[in-house]
>>> print(open('data-v4.pdb').read())   # PDB, C-alpha atoms (C1' of nucleotides)
ATOM      1  CA  MET F   1     -32.453 -58.602 -34.022
ATOM      2  CA  GLY F   2     -29.531 -58.200 -31.727
ATOM      3  CA  LYS F   3     -29.622 -61.408 -29.814
ATOM      4  CA  LYS F   4     -26.704 -60.379 -27.713
ATOM      5  CA  LYS F   5     -25.580 -62.950 -25.265
ATOM      6  CA  LEU F   6     -25.788 -61.382 -21.868
ATOM      7  CA  ARG F   7     -23.709 -62.646 -19.046
ATOM      8  CA  ALA F   8     -25.784 -64.285 -16.364
ATOM      9  CA  MET F   9     -27.210 -62.171 -13.617
ATOM     10  CA  SER F  10     -26.895 -63.073  -9.988
ATOM     11  CA  PRO F  11     -30.030 -63.202  -7.847
ATOM     12  CA  THR F  12     -29.378 -59.888  -6.199
ATOM     13  CA  GLU F  13     -28.606 -58.263  -9.490
ATOM     14  CA  THR F  14     -31.936 -59.485 -10.754
ATOM     15  CA  GLU F  15     -33.580 -57.916  -7.790
ATOM     16  CA  ILE F  16     -31.996 -54.595  -8.619
ATOM     17  CA  LEU F  17     -32.777 -54.733 -12.300
ATOM     18  CA  ARG F  18     -36.403 -55.200 -11.462
ATOM     19  CA  LEU F  19     -36.376 -52.011  -9.469
ATOM     20  CA  VAL F  20     -34.861 -50.161 -12.375
ATOM     21  CA  TRP F  21     -37.707 -51.383 -14.540
ATOM     22  CA  GLU F  22     -40.139 -50.317 -11.905
ATOM     23  CA  LEU F  23     -38.778 -46.806 -11.765
ATOM     24  CA  ASN F  24     -38.036 -46.644 -15.452
ATOM     25  CA  GLU F  25     -34.843 -44.813 -14.644
ATOM     26  CA  ALA F  26     -33.193 -44.161 -11.354
ATOM     27  CA  THR F  27     -30.156 -43.061  -9.432
ATOM     28  CA  VAL F  28     -28.377 -45.170  -6.891
ATOM     29  CA  GLN F  29     -30.232 -43.441  -4.135
ATOM     30  CA  GLN F  30     -33.616 -43.919  -5.731
ATOM     31  CA  ILE F  31     -33.006 -47.598  -6.163
ATOM     32  CA  ARG F  32     -31.952 -47.789  -2.604
ATOM     33  CA  ASP F  33     -35.162 -46.148  -1.462
ATOM     34  CA  GLN F  34     -37.149 -48.510  -3.603
ATOM     35  CA  LEU F  35     -35.848 -51.560  -1.796
ATOM     36  CA  PRO F  36     -38.501 -53.406   0.163
ATOM     37  CA  SER F  37     -38.444 -52.493   3.818
ATOM     38  CA  ASP F  38     -37.144 -55.869   4.862
ATOM     39  CA  ARG F  39     -34.228 -55.566   2.535
ATOM     40  CA  SER F  40     -31.574 -53.044   3.299
ATOM     41  CA  LEU F  41     -28.378 -52.495   1.366
ATOM     42  CA  ALA F  42     -25.673 -49.899   1.775
ATOM     43  CA  TYR F  43     -25.452 -47.175  -0.792
ATOM     44  CA  ASN F  44     -22.193 -48.597  -2.028
ATOM     45  CA  THR F  45     -23.652 -52.021  -2.392
ATOM     46  CA  VAL F  46     -26.393 -50.776  -4.632
ATOM     47  CA  GLN F  47     -23.848 -48.824  -6.587
ATOM     48  CA  THR F  48     -21.748 -51.896  -7.111
ATOM     49  CA  LEU F  49     -24.708 -53.912  -8.258
ATOM     50  CA  LEU F  50     -25.738 -51.265 -10.724
ATOM     51  CA  CYS F  51     -22.229 -51.061 -12.091
ATOM     52  CA  ARG F  52     -22.032 -54.783 -12.511
ATOM     53  CA  LEU F  53     -25.350 -54.795 -14.272
ATOM     54  CA  GLU F  54     -24.059 -52.145 -16.585
ATOM     55  CA  GLN F  55     -20.874 -54.052 -17.285
ATOM     56  CA  LYS F  56     -22.914 -57.081 -18.095
ATOM     57  CA  GLY F  57     -24.938 -55.107 -20.570
ATOM     58  CA  TYR F  58     -28.266 -54.891 -18.800
ATOM     59  CA  LEU F  59     -28.106 -51.211 -18.003
ATOM     60  CA  LYS F  60     -26.749 -47.963 -19.267
ATOM     61  CA  HIS F  61     -26.573 -44.623 -17.581
ATOM     62  CA  HIS F  62     -26.355 -40.967 -18.368
ATOM     63  CA  LEU F  63     -25.449 -38.055 -16.207
ATOM     64  CA  LYS F  64     -27.873 -35.654 -14.694
ATOM     65  CA  GLY F  65     -25.883 -33.105 -12.844
ATOM     66  CA  ARG F  66     -23.340 -35.212 -11.073
ATOM     67  CA  ALA F  67     -25.623 -38.120 -10.536
ATOM     68  CA  HIS F  68     -25.721 -41.262 -12.605
ATOM     69  CA  VAL F  69     -29.138 -42.077 -13.851
ATOM     70  CA  PHE F  70     -29.460 -45.720 -14.771
ATOM     71  CA  SER F  71     -31.941 -47.225 -17.148
ATOM     72  CA  ALA F  72     -32.478 -50.640 -18.630
ATOM     73  CA  LEU F  73     -31.082 -51.833 -21.919
ATOM     74  CA  VAL F  74     -33.131 -54.987 -21.837
ATOM     75  CA  LYS F  75     -36.852 -55.456 -21.739
ATOM     76  CA  PRO F  76     -38.433 -57.365 -18.898
ATOM     77  CA  ARG F  77     -39.851 -59.774 -21.404
ATOM     78  CA  GLU F  78     -36.484 -60.963 -22.634
ATOM     79  CA  VAL F  79     -34.990 -61.366 -19.244
ATOM     80  CA  ILE F  80     -38.041 -63.030 -17.824
ATOM     81  CA  LYS F  81     -38.016 -65.506 -20.627
ATOM     82  CA  THR F  82     -34.561 -66.816 -19.984
ATOM     83  CA  THR F  83     -34.735 -66.483 -16.250
ATOM     84  CA  VAL F  84     -37.986 -68.342 -15.950
ATOM     85  CA  ARG F  85     -36.849 -70.994 -18.344
ATOM     86  CA  ASP F  86     -33.785 -71.473 -16.286
ATOM     87  CA  PHE F  87     -35.657 -71.591 -13.040
ATOM     88  CA  LEU F  88     -38.138 -74.042 -14.408
ATOM     89  CA  GLY F  89     -35.375 -76.248 -15.611
ATOM     90  CA  ARG F  90     -33.660 -76.425 -12.279
ATOM     91  CA  LEU F  91     -36.554 -76.894  -9.983
ATOM     92  CA  PHE F  92     -39.113 -78.632 -12.156
ATOM     93  CA  GLY F  93     -37.150 -80.199 -14.927
ATOM     94  CA  GLY F  94     -38.725 -77.730 -17.306
ATOM     95  CA  ASP F  95     -42.358 -78.528 -16.737
ATOM     96  CA  PRO F  96     -44.340 -75.432 -15.794
ATOM     97  CA  LYS F  97     -47.441 -77.247 -14.621
ATOM     98  CA  PRO F  98     -46.232 -78.168 -11.168
ATOM     99  CA  LEU F  99     -45.196 -74.597 -10.653
ATOM    100  CA  VAL F 100     -48.557 -73.198 -11.545
ATOM    101  CA  GLN F 101     -50.240 -75.860  -9.551
ATOM    102  CA  PHE F 102     -48.155 -74.941  -6.594
ATOM    103  CA  LEU F 103     -49.093 -71.305  -6.938
ATOM    104  CA  ALA F 104     -52.733 -72.209  -7.072
ATOM    105  CA  GLU F 105     -52.606 -74.495  -4.093
ATOM    106  CA  ASP F 106     -50.656 -71.976  -2.198
ATOM    107  CA  GLY F 107     -53.525 -69.622  -2.636
ATOM    108  CA  LYS F 108     -51.676 -67.116  -4.693
ATOM    109  CA  LEU F 109     -54.096 -67.405  -7.561
ATOM    110  CA  ASP F 110     -57.838 -67.014  -7.381
ATOM    111  CA  GLU F 111     -60.692 -67.695  -9.760
ATOM    112  CA  GLU F 112     -60.466 -64.232 -11.165
ATOM    113  CA  ASP F 113     -56.926 -64.879 -12.232
ATOM    114  CA  ILE F 114     -57.837 -68.125 -13.838
ATOM    115  CA  LYS F 115     -60.615 -66.554 -15.789
ATOM    116  CA  ARG F 116     -58.280 -64.010 -17.211
ATOM    117  CA  LEU F 117     -55.889 -66.749 -18.112
ATOM    118  CA  ARG F 118     -58.562 -68.622 -20.007
ATOM    119  CA  GLU F 119     -59.312 -65.649 -22.101
ATOM    120  CA  LEU F 120     -55.711 -64.978 -22.740
ATOM    121  CA  ILE F 121     -55.157 -68.458 -23.985
ATOM    122  CA  LYS F 122     -58.258 -68.495 -26.083
ATOM    123  CA  LYS F 123     -57.259 -65.320 -27.785
ATOM    124  CA  LYS F 124     -53.798 -66.542 -28.363
ATOM    125  CA  LYS F 125     -54.916 -69.795 -29.865
ATOM    126  CA  LYS F 126     -56.203 -68.387 -33.088
TER     127      LYS F 126
ATOM    128  CA  MET V 127     -43.045 -78.959  13.339
ATOM    129  CA  GLY V 128     -39.335 -78.950  12.763
ATOM    130  CA  LYS V 129     -38.896 -75.675  10.994
ATOM    131  CA  LYS V 130     -35.194 -76.183  10.602
ATOM    132  CA  LYS V 131     -33.466 -73.332   8.909
ATOM    133  CA  LEU V 132     -31.727 -74.746   5.925
ATOM    134  CA  ARG V 133     -28.823 -72.941   4.413
ATOM    135  CA  ALA V 134     -29.577 -71.632   0.963
ATOM    136  CA  MET V 135     -29.029 -73.838  -2.028
ATOM    137  CA  SER V 136     -27.160 -72.733  -5.081
ATOM    138  CA  PRO V 137     -28.804 -73.145  -8.484
ATOM    139  CA  THR V 138     -26.788 -76.181  -9.395
ATOM    140  CA  GLU V 139     -27.435 -77.750  -6.068
ATOM    141  CA  THR V 140     -31.127 -77.275  -6.655
ATOM    142  CA  GLU V 141     -30.765 -79.007  -9.951
ATOM    143  CA  ILE V 142     -29.165 -81.978  -8.275
ATOM    144  CA  LEU V 143     -31.651 -82.175  -5.449
ATOM    145  CA  ARG V 144     -34.426 -82.405  -7.984
ATOM    146  CA  LEU V 145     -32.792 -85.431  -9.519
ATOM    147  CA  VAL V 146     -32.562 -87.077  -6.132
ATOM    148  CA  TRP V 147     -36.281 -86.558  -5.711
ATOM    149  CA  GLU V 148     -36.847 -87.958  -9.136
ATOM    150  CA  LEU V 149     -34.920 -91.112  -8.386
ATOM    151  CA  ASN V 150     -36.058 -91.300  -4.811
ATOM    152  CA  GLU V 151     -32.606 -92.425  -3.851
ATOM    153  CA  ALA V 152     -29.462 -92.557  -5.858
ATOM    154  CA  THR V 153     -25.718 -92.956  -5.991
ATOM    155  CA  VAL V 154     -23.388 -90.423  -7.475
ATOM    156  CA  GLN V 155     -23.290 -92.345 -10.680
ATOM    157  CA  GLN V 156     -27.037 -92.624 -10.962
ATOM    158  CA  ILE V 157     -27.457 -88.921 -10.497
ATOM    159  CA  ARG V 158     -24.855 -88.351 -13.095
ATOM    160  CA  ASP V 159     -26.685 -90.541 -15.559
ATOM    161  CA  GLN V 160     -29.888 -88.724 -14.799
ATOM    162  CA  LEU V 161     -28.502 -85.394 -15.912
ATOM    163  CA  PRO V 162     -30.148 -84.006 -19.016
ATOM    164  CA  SER V 163     -28.135 -84.694 -22.113
ATOM    165  CA  ASP V 164     -27.175 -81.077 -22.554
ATOM    166  CA  ARG V 165     -25.767 -80.926 -19.078
ATOM    167  CA  SER V 166     -22.643 -82.820 -18.324
ATOM    168  CA  LEU V 167     -20.764 -82.840 -15.049
ATOM    169  CA  ALA V 168     -17.767 -84.826 -13.928
ATOM    170  CA  TYR V 169     -18.334 -87.604 -11.460
ATOM    171  CA  ASN V 170     -16.445 -85.654  -8.849
ATOM    172  CA  THR V 171     -18.493 -82.582  -9.442
ATOM    173  CA  VAL V 172     -21.694 -84.427  -8.785
ATOM    174  CA  GLN V 173     -20.147 -85.920  -5.707
ATOM    175  CA  THR V 174     -19.190 -82.503  -4.409
ATOM    176  CA  LEU V 175     -22.651 -81.184  -4.969
ATOM    177  CA  LEU V 176     -24.218 -84.102  -3.178
ATOM    178  CA  CYS V 177     -21.874 -83.643  -0.255
ATOM    179  CA  ARG V 178     -22.646 -79.985  -0.006
ATOM    180  CA  LEU V 179     -26.329 -80.728  -0.105
ATOM    181  CA  GLU V 180     -25.832 -83.169   2.698
ATOM    182  CA  GLN V 181     -23.849 -80.681   4.752
ATOM    183  CA  LYS V 182     -26.580 -78.173   4.278
ATOM    184  CA  GLY V 183     -29.117 -80.634   5.546
ATOM    185  CA  TYR V 184     -31.032 -81.436   2.407
ATOM    186  CA  LEU V 185     -29.780 -84.975   2.004
ATOM    187  CA  LYS V 186     -28.596 -87.927   3.946
ATOM    188  CA  HIS V 187     -26.939 -91.084   2.769
ATOM    189  CA  HIS V 188     -26.412 -94.643   3.777
ATOM    190  CA  LEU V 189     -24.000 -97.205   2.499
ATOM    191  CA  LYS V 190     -24.814 -99.963   0.140
ATOM    192  CA  GLY V 191     -21.698-101.975  -0.362
ATOM    193  CA  ARG V 192     -19.092 -99.308  -0.766
ATOM    194  CA  ALA V 193     -21.351 -96.869  -2.506
ATOM    195  CA  HIS V 194     -23.118 -93.931  -0.945
ATOM    196  CA  VAL V 195     -26.802 -93.916  -1.585
ATOM    197  CA  PHE V 196     -28.264 -90.466  -1.153
ATOM    198  CA  SER V 197     -31.820 -89.600  -0.374
ATOM    199  CA  ALA V 198     -33.683 -86.444   0.460
ATOM    200  CA  LEU V 199     -34.331 -85.144   3.929
ATOM    201  CA  VAL V 200     -36.663 -82.475   2.680
ATOM    202  CA  LYS V 201     -39.857 -82.747   0.758
ATOM    203  CA  PRO V 202     -40.190 -81.054  -2.603
ATOM    204  CA  ARG V 203     -43.085 -79.131  -1.247
ATOM    205  CA  GLU V 204     -41.061 -77.340   1.408
ATOM    206  CA  VAL V 205     -38.210 -76.472  -0.843
ATOM    207  CA  ILE V 206     -40.444 -75.383  -3.653
ATOM    208  CA  LYS V 207     -42.271 -73.098  -1.341
ATOM    209  CA  THR V 208     -39.285 -71.088  -0.285
ATOM    210  CA  THR V 209     -37.553 -71.274  -3.603
ATOM    211  CA  VAL V 210     -40.538 -70.093  -5.555
ATOM    212  CA  ARG V 211     -41.269 -67.388  -3.071
ATOM    213  CA  ASP V 212     -37.750 -66.202  -3.388
ATOM    214  CA  PHE V 213     -37.798 -66.289  -7.131
ATOM    215  CA  LEU V 214     -41.074 -64.439  -7.276
ATOM    216  CA  GLY V 215     -39.710 -61.808  -4.994
ATOM    217  CA  ARG V 216     -36.670 -61.134  -7.046
ATOM    218  CA  LEU V 217     -38.090 -61.130 -10.498
ATOM    219  CA  PHE V 218     -41.662 -60.053  -9.943
ATOM    220  CA  GLY V 219     -41.683 -58.278  -6.655
ATOM    221  CA  GLY V 220     -43.688 -61.127  -5.226
ATOM    222  CA  ASP V 221     -46.655 -61.037  -7.529
ATOM    223  CA  PRO V 222     -47.279 -64.409  -9.165
ATOM    224  CA  LYS V 223     -49.696 -63.204 -11.795
ATOM    225  CA  PRO V 224     -47.168 -61.875 -14.262
ATOM    226  CA  LEU V 225     -45.349 -65.140 -14.025
ATOM    227  CA  VAL V 226     -48.357 -67.224 -14.807
ATOM    228  CA  GLN V 227     -49.341 -64.857 -17.510
ATOM    229  CA  PHE V 228     -45.947 -65.174 -19.041
ATOM    230  CA  LEU V 229     -46.192 -68.936 -19.003
ATOM    231  CA  ALA V 230     -49.546 -68.781 -20.703
ATOM    232  CA  GLU V 231     -48.440 -66.360 -23.350
ATOM    233  CA  ASP V 232     -45.354 -68.327 -23.932
ATOM    234  CA  GLY V 233     -47.541 -71.260 -24.812
ATOM    235  CA  LYS V 234     -46.461 -73.432 -21.977
ATOM    236  CA  LEU V 235     -49.973 -73.785 -20.659
ATOM    237  CA  ASP V 236     -52.990 -74.905 -22.608
ATOM    238  CA  GLU V 237     -56.702 -74.950 -21.947
ATOM    239  CA  GLU V 238     -56.500 -78.358 -20.439
ATOM    240  CA  ASP V 239     -54.134 -77.063 -17.810
ATOM    241  CA  ILE V 240     -56.338 -74.147 -17.034
ATOM    242  CA  LYS V 241     -59.338 -76.343 -16.586
ATOM    243  CA  ARG V 242     -57.526 -78.433 -14.084
ATOM    244  CA  LEU V 243     -56.479 -75.313 -12.283
ATOM    245  CA  ARG V 244     -60.026 -74.105 -12.002
ATOM    246  CA  GLU V 245     -61.117 -77.286 -10.396
ATOM    247  CA  LEU V 246     -58.215 -77.246  -8.063
ATOM    248  CA  ILE V 247     -59.051 -73.792  -6.890
ATOM    249  CA  LYS V 248     -62.712 -74.474  -6.554
ATOM    250  CA  LYS V 249     -62.054 -77.478  -4.432
ATOM    251  CA  LYS V 250     -59.618 -75.629  -2.300
ATOM    252  CA  LYS V 251     -61.915 -72.731  -1.708
ATOM    253  CA  LYS V 252     -64.255 -74.515   0.598
TER     254      LYS V 252
ATOM    255  C1'  DT L 253     -13.632 -20.302   3.858
ATOM    256  C1'  DT L 254     -14.636 -24.025   6.105
ATOM    257  C1'  DG L 255     -17.856 -27.406   6.871
ATOM    258  C1'  DT L 256     -21.394 -30.594   5.536
ATOM    259  C1'  DG L 257     -23.821 -33.583   2.663
ATOM    260  C1'  DA L 258     -24.247 -35.992  -1.868
ATOM    261  C1'  DC L 259     -22.191 -38.766  -5.010
ATOM    262  C1'  DA L 260     -18.892 -41.357  -7.654
ATOM    263  C1'  DA L 261     -14.458 -43.982  -8.124
ATOM    264  C1'  DC L 262     -11.721 -47.558  -6.612
ATOM    265  C1'  DG L 263     -10.530 -51.144  -3.868
ATOM    266  C1'  DA L 264     -11.172 -54.880  -0.841
ATOM    267  C1'  DC L 265     -12.458 -59.221   1.052
ATOM    268  C1'  DA L 266     -14.551 -63.320   2.851
ATOM    269  C1'  DA L 267     -17.832 -66.703   1.377
ATOM    270  C1'  DT L 268     -19.889 -69.330  -2.048
ATOM    271  C1'  DT L 269     -20.052 -71.662  -6.403
ATOM    272  C1'  DG L 270     -18.831 -74.419 -10.255
ATOM    273  C1'  DT L 271     -15.785 -77.544 -11.599
ATOM    274  C1'  DA L 272     -12.627 -80.910 -11.079
ATOM    275  C1'  DG L 273      -7.762 -83.542 -10.206
ATOM    276  C1'  DG L 274      -5.340 -87.061  -7.841
ATOM    277  C1'  DA L 275      -4.612 -90.450  -4.246
ATOM    278  C1'  DG L 276      -6.254 -94.384  -1.901
ATOM    279  C1'  DT L 277      -8.803 -98.755  -1.372
ATOM    280  C1'  DG L 278     -11.306-102.882  -1.988
ATOM    281  C1'  DA L 279     -13.231-106.058  -5.436
ATOM    282  C1'  DA L 280     -13.371-108.315  -9.779
ATOM    283  C1'  DT L 281     -10.760-109.906 -13.819
ATOM    284  C1'  DT L 282      -7.035-111.779 -16.390
TER     285       DT L 282
ATOM    286  C1'  DA P 283      -0.120-111.208  -8.646
ATOM    287  C1'  DA P 284      -0.914-107.348 -11.456
ATOM    288  C1'  DT P 285      -4.427-104.657 -13.737
ATOM    289  C1'  DT P 286      -8.425-102.404 -13.857
ATOM    290  C1'  DC P 287     -12.873-100.867 -12.160
ATOM    291  C1'  DA P 288     -15.734 -98.339  -9.239
ATOM    292  C1'  DC P 289     -15.879 -95.538  -5.575
ATOM    293  C1'  DT P 290     -14.695 -92.324  -1.822
ATOM    294  C1'  DC P 291     -11.774 -88.797   0.291
ATOM    295  C1'  DC P 292      -9.319 -84.823   0.386
ATOM    296  C1'  DT P 293      -7.808 -80.883  -1.855
ATOM    297  C1'  DA P 294      -7.812 -77.103  -4.948
ATOM    298  C1'  DC P 295      -8.831 -73.053  -7.368
ATOM    299  C1'  DA P 296     -10.467 -69.404 -10.240
ATOM    300  C1'  DA P 297     -14.640 -66.778 -10.742
ATOM    301  C1'  DT P 298     -18.558 -64.804  -8.905
ATOM    302  C1'  DT P 299     -21.227 -62.790  -5.298
ATOM    303  C1'  DG P 300     -22.664 -60.088  -1.499
ATOM    304  C1'  DT P 301     -21.225 -56.509   1.150
ATOM    305  C1'  DC P 302     -19.093 -52.681   2.151
ATOM    306  C1'  DG P 303     -14.973 -48.921   3.470
ATOM    307  C1'  DT P 304     -12.213 -45.156   2.057
ATOM    308  C1'  DT P 305     -11.121 -41.376  -0.531
ATOM    309  C1'  DG P 306     -11.850 -37.636  -3.548
ATOM    310  C1'  DT P 307     -14.827 -34.149  -5.535
ATOM    311  C1'  DC P 308     -18.223 -30.839  -6.076
ATOM    312  C1'  DA P 309     -21.947 -27.596  -4.604
ATOM    313  C1'  DC P 310     -24.054 -25.210  -1.230
ATOM    314  C1'  DA P 311     -24.639 -23.284   3.597
ATOM    315  C1'  DA P 312     -22.996 -21.122   7.627
TER     316       DA P 312
END
>>> encode(input="data-v4.pdb", output="structure tokens")
Amino acid sequence: MGKKKLRAMSPTETEILRLVWELNEATVQQIRDQLPSDRSLAYNTVQTLLCRLEQKGYLKHHLKGRAHVFSALVKPREVIKTTVRDFLGRLFGGDPKPLVQFLAEDGKLDEEDIKRLRELIKKKKK
Amino acid sequence: MGKKKLRAMSPTETEILRLVWELNEATVQQIRDQLPSDRSLAYNTVQTLLCRLEQKGYLKHHLKGRAHVFSALVKPREVIKTTVRDFLGRLFGGDPKPLVQFLAEDGKLDEEDIKRLRELIKKKKK
DNA sequence: TTGTGACAACGACAATTGTAGGAGTGAATT
DNA sequence: AATTCACTCCTACAATTGTCGTTGTCACAA
């Protein structure tokens, strides 16, 4: 497997990559429209971010008419893995439990979620 | 409540702040020694980071002999809240479930952890 | 044909970040 | 006293990041 070493992504780049995943493929404009309402970036800014992501190897693009249509070269899974690991390292010294506990206490997880987790883990165990 | 707006922390700064929490209070040298073995920073680098954290309002220090002893001005809780929220926003569009699911699938959480979570949530619910 | 509106290409730029060097100073050591 | 620690202070600096402006080009409308 091509375990290519990707250059690190900046926070904002991450944000953009996620939107590309969400849309599957997208032009600058489409990404821009996909931004959450409380987050506004100039067309050019989005363009720059997409270019940088492409240079770093996270995206590719093809032409459709005159527009660049970007799509991901990396799967969420891979990126999430390293990004989460990294995040966990910095803020929790690598231990995921406090993070999950925080999420629970903060009311972001309910019993339903936990139940699903249980099953997931049980299945995985064998 | 003093909802002071703290300037954003960089990743490495976050890393350092965590060590301060871990040690409760610490000198430059102590922080340096506390770094994980695969992470080495020059004395001066650590010093710079601590200073910046202080300027940004996350730390204070007092003198003990000629050494600066740093300690946190912010509780983990507060920082974690905004940092996690931010992280979730960028990588998961704000939804914590995929994150937790990833952690579970990745084998970072076991049944024991889940059980504790359940109880936590149950207690919290009332 | 002359705008007008979309888009891309290129460049720019201040701020932040990661990383540290070197000078200075007081205390302990030889 | 001279050396050596152990620290702080001040300074630096390249790279990265966040954020665009300007300019050029094409297609379509008036």
>>> residues_around(input="data-v4.pdb", residues="DC262 of chain L", least_positions_apart="3", cutoff="12 Å", atoms="all atoms listed in the file", output="number ranges by chain")
F: 44, 48; P: 303-306
>>> write_last_selection(input="data-v4.pdb", atoms="C-alpha atoms (C1' of nucleotides)", output="compact mmCIF listing (two decimals), in the frame of the given file")
# COMPACT_ATOMS: atom_id res chain seq x y z
CA ASN F 44 -22.19 -48.60 -2.03
CA THR F 48 -21.75 -51.90 -7.11
C1' DG P 303 -14.97 -48.92 3.47
C1' DT P 304 -12.21 -45.16 2.06
C1' DT P 305 -11.12 -41.38 -0.53
C1' DG P 306 -11.85 -37.64 -3.55
>>> closest_atom_pairs(input="data-v4.pdb", of="chain V", to="chain L", cutoff="10 Å", atoms="all atoms listed in the file", output="tab-separated table")
residue	atom	partner	partner_atom	distance
V:Ser136	CA	L:DT269	C1'	7.3
V:Pro137	CA	L:DT269	C1'	9.1
V:Thr138	CA	L:DG270	C1'	8.2
V:Glu139	CA	L:DT269	C1'	9.6
V:Leu167	CA	L:DT271	C1'	8.0
V:Ala168	CA	L:DA272	C1'	7.1
V:Tyr169	CA	L:DA272	C1'	8.8
V:Asn170	CA	L:DA272	C1'	6.5
V:Thr171	CA	L:DT271	C1'	6.1
V:Val172	CA	L:DT271	C1'	9.5
V:Thr174	CA	L:DT271	C1'	9.4
V:Leu175	CA	L:DG270	C1'	9.4
V:Arg192	CA	L:DG278	C1'	8.7
>>> resolve_selection(input="data-v4.pdb", expression="the PyMOL selection byres ((chain V and resi 231) around 10)", output="list in words")
Leu117, Leu120, Ile121, Lys123, Lys124 and Lys125 of chain F; Leu225, Val226, Gln227, Phe228, Leu229, Ala230, Asp232, Gly233, Lys234, Leu235 and Asp236 of chain V
>>> resolve_selection(input="data-v4.pdb", expression="the PyMOL selection byres ((chain P) within 12 of (chain V))", output="NGL selection string")
:P and (288-293 or 299)
>>> residues_near_point(input="data-v4.pdb", point="(-31.4, -68.6, -6.4)", cutoff="12 Å", atoms="only C-alpha atoms (C1' of nucleotides)", output="ChimeraX atom specification")
/F:9-15,83-84,86-88,90-91 /V:133-141,205-206,208-217 /L:269 /P:299
>>> atom_distance(input="data-v4.pdb", atom1="atom CA of Ile157 of chain V", atom2="atom CA of Gln181 of chain V")
17.7 Å
>>> atom_distance(input="data-v4.pdb", atom1="atom CA of Leu59 of chain F", atom2="atom CA of Arg77 of chain F")
14.9 Å
>>> build_atoms(input="data-v4.pdb", residues="segment 57-73 of chain F", atoms="N, CA and C atoms", output="tab-separated table (two decimals), in the coordinates of the input")
chain	number	residue	atom	x	y	z
F	57	GLY	N	-24.13	-55.50	-19.41
F	57	GLY	CA	-24.94	-55.11	-20.57
F	57	GLY	C	-26.43	-54.98	-20.33
F	58	TYR	N	-26.84	-55.00	-19.08
F	58	TYR	CA	-28.27	-54.89	-18.80
F	58	TYR	C	-28.71	-53.44	-18.62
F	59	LEU	N	-27.76	-52.60	-18.27
F	59	LEU	CA	-28.11	-51.21	-18.00
F	59	LEU	C	-27.19	-50.27	-18.75
F	60	LYS	N	-27.63	-49.05	-18.87
F	60	LYS	CA	-26.75	-47.96	-19.27
F	60	LYS	C	-27.01	-46.83	-18.29
F	61	HIS	N	-26.25	-45.78	-18.40
F	61	HIS	CA	-26.57	-44.62	-17.58
F	61	HIS	C	-26.17	-43.34	-18.30
F	62	HIS	N	-26.79	-42.27	-17.89
F	62	HIS	CA	-26.36	-40.97	-18.37
F	62	HIS	C	-26.24	-40.07	-17.14
F	63	LEU	N	-25.64	-38.95	-17.34
F	63	LEU	CA	-25.45	-38.06	-16.21
F	63	LEU	C	-26.56	-37.03	-16.13
F	64	LYS	N	-26.94	-36.75	-14.93
F	64	LYS	CA	-27.87	-35.65	-14.69
F	64	LYS	C	-27.27	-34.88	-13.54
F	65	GLY	N	-26.70	-33.77	-13.85
F	65	GLY	CA	-25.88	-33.10	-12.84
F	65	GLY	C	-24.70	-34.02	-12.58
F	66	ARG	N	-24.45	-34.31	-11.36
F	66	ARG	CA	-23.34	-35.21	-11.07
F	66	ARG	C	-23.81	-36.64	-10.83
F	67	ALA	N	-25.10	-36.80	-10.87
F	67	ALA	CA	-25.62	-38.12	-10.54
F	67	ALA	C	-25.72	-39.03	-11.76
F	68	HIS	N	-25.52	-40.28	-11.55
F	68	HIS	CA	-25.72	-41.26	-12.60
F	68	HIS	C	-27.17	-41.71	-12.60
F	69	VAL	N	-27.77	-41.60	-13.75
F	69	VAL	CA	-29.14	-42.08	-13.85
F	69	VAL	C	-29.12	-43.34	-14.70
F	70	PHE	N	-29.51	-44.43	-14.08
F	70	PHE	CA	-29.46	-45.72	-14.77
F	70	PHE	C	-30.80	-46.04	-15.41
F	71	SER	N	-30.71	-46.72	-16.53
F	71	SER	CA	-31.94	-47.22	-17.15
F	71	SER	C	-31.63	-48.53	-17.87
F	72	ALA	N	-32.66	-49.29	-18.12
F	72	ALA	CA	-32.48	-50.64	-18.63
F	72	ALA	C	-32.15	-50.66	-20.12
F	73	LEU	N	-31.36	-51.60	-20.50
F	73	LEU	CA	-31.08	-51.83	-21.92
F	73	LEU	C	-31.83	-53.06	-22.40
